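**Q** Have a look at this one.
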Amino acid sequence: MQVQRMKISNGRGSSAARPAAFTTGARRMGPSHRRQAVVMASANLKVMIAGAPAAGKGTQCAKIIEKYNLVHISVGDLLRDEVKNGTPAGKKAKEFMDKGVLVPDEVVVEMVKNRLAMNDVKENGWLLDGYPRSASQAEAIEKESIRPDIFLLIDVPDSILIDRVVGRRLDPVTGEIYHLKFKPPPADIVSRLTVRSDDTEEKAKVRLDTHHKNVDAVIGYYKDIMIKIDGNRSMDAVFGDISKALDAVVANKDPLEAFCQSVPEADECRVYE
């Protein structure tokens with residue numbers, strides 16, 4: 001269940017300076033509850049996230065969505081959905097796909113722009129996953145005033161990423177993915193496990209080279225808002241740093257949130273269901 005702070009003040013509580021907007025002396029509303037872990041209100045966060053193959057980006061996206069209630073936008077998924085649903089942009093994209101050529105940036109940007117204009121995104125904010133991937137894409141969305149509050153880059157050494165990739169094994173029966181070192185499979189199923197065709201050291205190096213070129217091409221547009229996250233740790237440790245970075249953005253966007261981070265015991269910061 002998601003809970004949020006009620007933006008109220010009765011002028012009591014901590015003597016710390018309150019944001020001017022919350023010192024009106026309004027009567028406290030509703031019954032107070034024992035303070036509990038709060039799912040942060042998204043405050044319409046706009047987040048971009050990048051990470052190499054096997055860096056754990058998918059796992060962190062899921063955690064971000066759960067905590068901050070953002071709308072996850074993967075351009076690959078968006079492209080497939082638009083084509084499947086026969087939208088105007090999808091029809092344009094299909095023409096290029098049927099010819100076996102890349103979909104032009106302007107068509108993809110149109111899809112992204114349309115998705116960001118939908119009500120769920122306006123109400124909750126967005127998490128743009130793995131896009132833009134080139135300078136031309138970054139330039140195109142900049143022209144459309146599509147800019148994040150923060151650009152997260154999950155950084156893992158190439159040697160670790162290659163180790164993560166080449167050790168992966170797929171159980172064709174259950175669909176479960178194991179890793180020979182990090183998530184060993186049960187002994188009784190080892191013989192049936194398979195290796196994905198692209199989970200080789202050679203192909204992993206090619207994918208990593210492509211990733212680095214993509215990131216190098218776009219970070220110039222976001223270097224002032226980029227936070228590099230050390231991804232060579234546990235999933236929880238990585239998400240801890242991501243949460244700190246996003247919480248700081250929320251606090252900057254919401255003066256009450258900033259106040260409550262410094263004075264959580266204040267009346268304004270009580271949690272209401």
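We name chains A, B, ... following the order of the structure tokens; residues begin at 1 in each chain, and ligands are numbered from 1 as shown.
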Would you write out, as JSON lines, a table of all residues in range 80-176 of chain A that have an atom no more than 9 Å from an atom of range 221-245 of chain A, listing for each the closest atom pair and the distance in Å to one decimal, considering only C-alpha atoms and ordering rows by chain and rising residue number?
**A**
{"residue": "A:Ala135", "atom": "CA", "partner": "A:Tyr221", "partner_atom": "CA", "distance": 8.3}
{"residue": "A:Ala138", "atom": "CA", "partner": "A:Tyr221", "partner_atom": "CA", "distance": 7.1}
{"residue": "A:Glu139", "atom": "CA", "partner": "A:Tyr221", "partner_atom": "CA", "distance": 8.1}
{"residue": "A:Glu142", "atom": "CA", "partner": "A:Tyr221", "partner_atom": "CA", "distance": 8.7}
{"residue": "A:Arg147", "atom": "CA", "partner": "A:Tyr222", "partner_atom": "CA", "distance": 8.8}
{"residue": "A:Pro148", "atom": "CA", "partner": "A:Ile225", "partner_atom": "CA", "distance": 8.3}
{"residue": "A:Asp149", "atom": "CA", "partner": "A:Ile225", "partner_atom": "CA", "distance": 7.0}
{"residue": "A:Ile150", "atom": "CA", "partner": "A:Ile225", "partner_atom": "CA", "distance": 5.1}
{"residue": "A:Phe151", "atom": "CA", "partner": "A:Met226", "partner_atom": "CA", "distance": 4.5}
{"residue": "A:Leu152", "atom": "CA", "partner": "A:Ile227", "partner_atom": "CA", "distance": 5.1}
{"residue": "A:Leu153", "atom": "CA", "partner": "A:Lys228", "partner_atom": "CA", "distance": 4.8}
{"residue": "A:Ile154", "atom": "CA", "partner": "A:Ile229", "partner_atom": "CA", "distance": 4.8}
{"residue": "A:Asp155", "atom": "CA", "partner": "A:Gly231", "partner_atom": "CA", "distance": 5.2}
{"residue": "A:Val156", "atom": "CA", "partner": "A:Gly231", "partner_atom": "CA", "distance": 5.1}
{"residue": "A:Pro157", "atom": "CA", "partner": "A:Asn232", "partner_atom": "CA", "distance": 7.6}
{"residue": "A:Ile160", "atom": "CA", "partner": "A:Asn232", "partner_atom": "CA", "distance": 7.8}
**Q** For the selection just defined, write its residues with C-alpha atoms to a file, as a short mmCIF file (atom, residue, chain, number, x, y, z; two decimals), in the first residue's frame.
**A**
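Saved the output as out-v7.cif:
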data_model
loop_
_atom_site.label_atom_id
_atom_site.label_comp_id
_atom_site.auth_asym_id
_atom_site.auth_seq_id
_atom_site.Cartn_x
_atom_site.Cartn_y
_atom_site.Cartn_z
CA ALA A 135 24.25 12.00 -29.87
CA ALA A 138 20.00 13.06 -27.39
CA GLU A 139 19.91 16.14 -29.59
CA GLU A 142 16.54 17.96 -26.29
CA ARG A 147 15.11 16.39 -20.29
CA PRO A 148 15.51 14.37 -17.08
CA ASP A 149 16.01 15.60 -13.55
CA ILE A 150 18.80 13.06 -13.18
CA PHE A 151 20.81 10.70 -15.37
CA LEU A 152 21.83 7.49 -13.59
CA LEU A 153 24.78 5.49 -14.95
CA ILE A 154 25.35 2.06 -13.39
CA ASP A 155 29.07 1.48 -13.67
CA VAL A 156 30.62 -2.01 -13.52
CA PRO A 157 34.15 -2.95 -14.71
CA ILE A 160 33.17 -8.27 -14.05
#
**Q** With DSSP run on the backbone, what are the strand (DSSP E) residues within range 77-231 of chain A? I'd like them as number ranges by chain.
**A** A: 126-129, 150-155, 168-170, 177-179, 226-230
**Q** Write out as a PyMOL selection string the residues lying within 9 Å of Val215 in chain A, counting only C-alpha atoms and excluding same-chain residues fewer than 3 positions away.
**A** chain A and resi 50-51+132-134+153+210-212+218-219
**Q** Which residues are close to Ile64 in chain A, i.e. within 10 Å by only C-alpha atoms, leaving aside same-chain residues fewer than 2 positions away? Reply as a list of chain:residue names.
**A** A:Val47, A:Gly58, A:Thr59, A:Gln60, A:Cys61, A:Ala62, A:Glu66, A:Lys67, A:Tyr68, A:Asn69, A:Leu70, A:Val71, A:His72, A:Leu127, A:Phe239, A:Ile242, A:Ser243, A:Leu246
**Q** From range 129-264 of chain A, collect each residue whose DSSP state is alpha helix (DSSP H) and return the set as a PyMOL selection string.
**A** chain A and resi 135-143+158-166+201-222+235-253+255-262
**Q** I'd like the neighbourhood of Gly175 in chain A as a ChimeraX atom specification, where a residue qualifies if any of its atoms comes within 12 Å (using only C-alpha atoms), though same-chain residues fewer than 3 positions away should be ignored.
**A** /A:169-172,178,192-194
**Q** Pick out the closest residue to Ala52 in chain A from this set: A:Val206, A:Ile146, A:Ile141, A:Met111. Count only C-alpha atoms.
**A** A:Val206
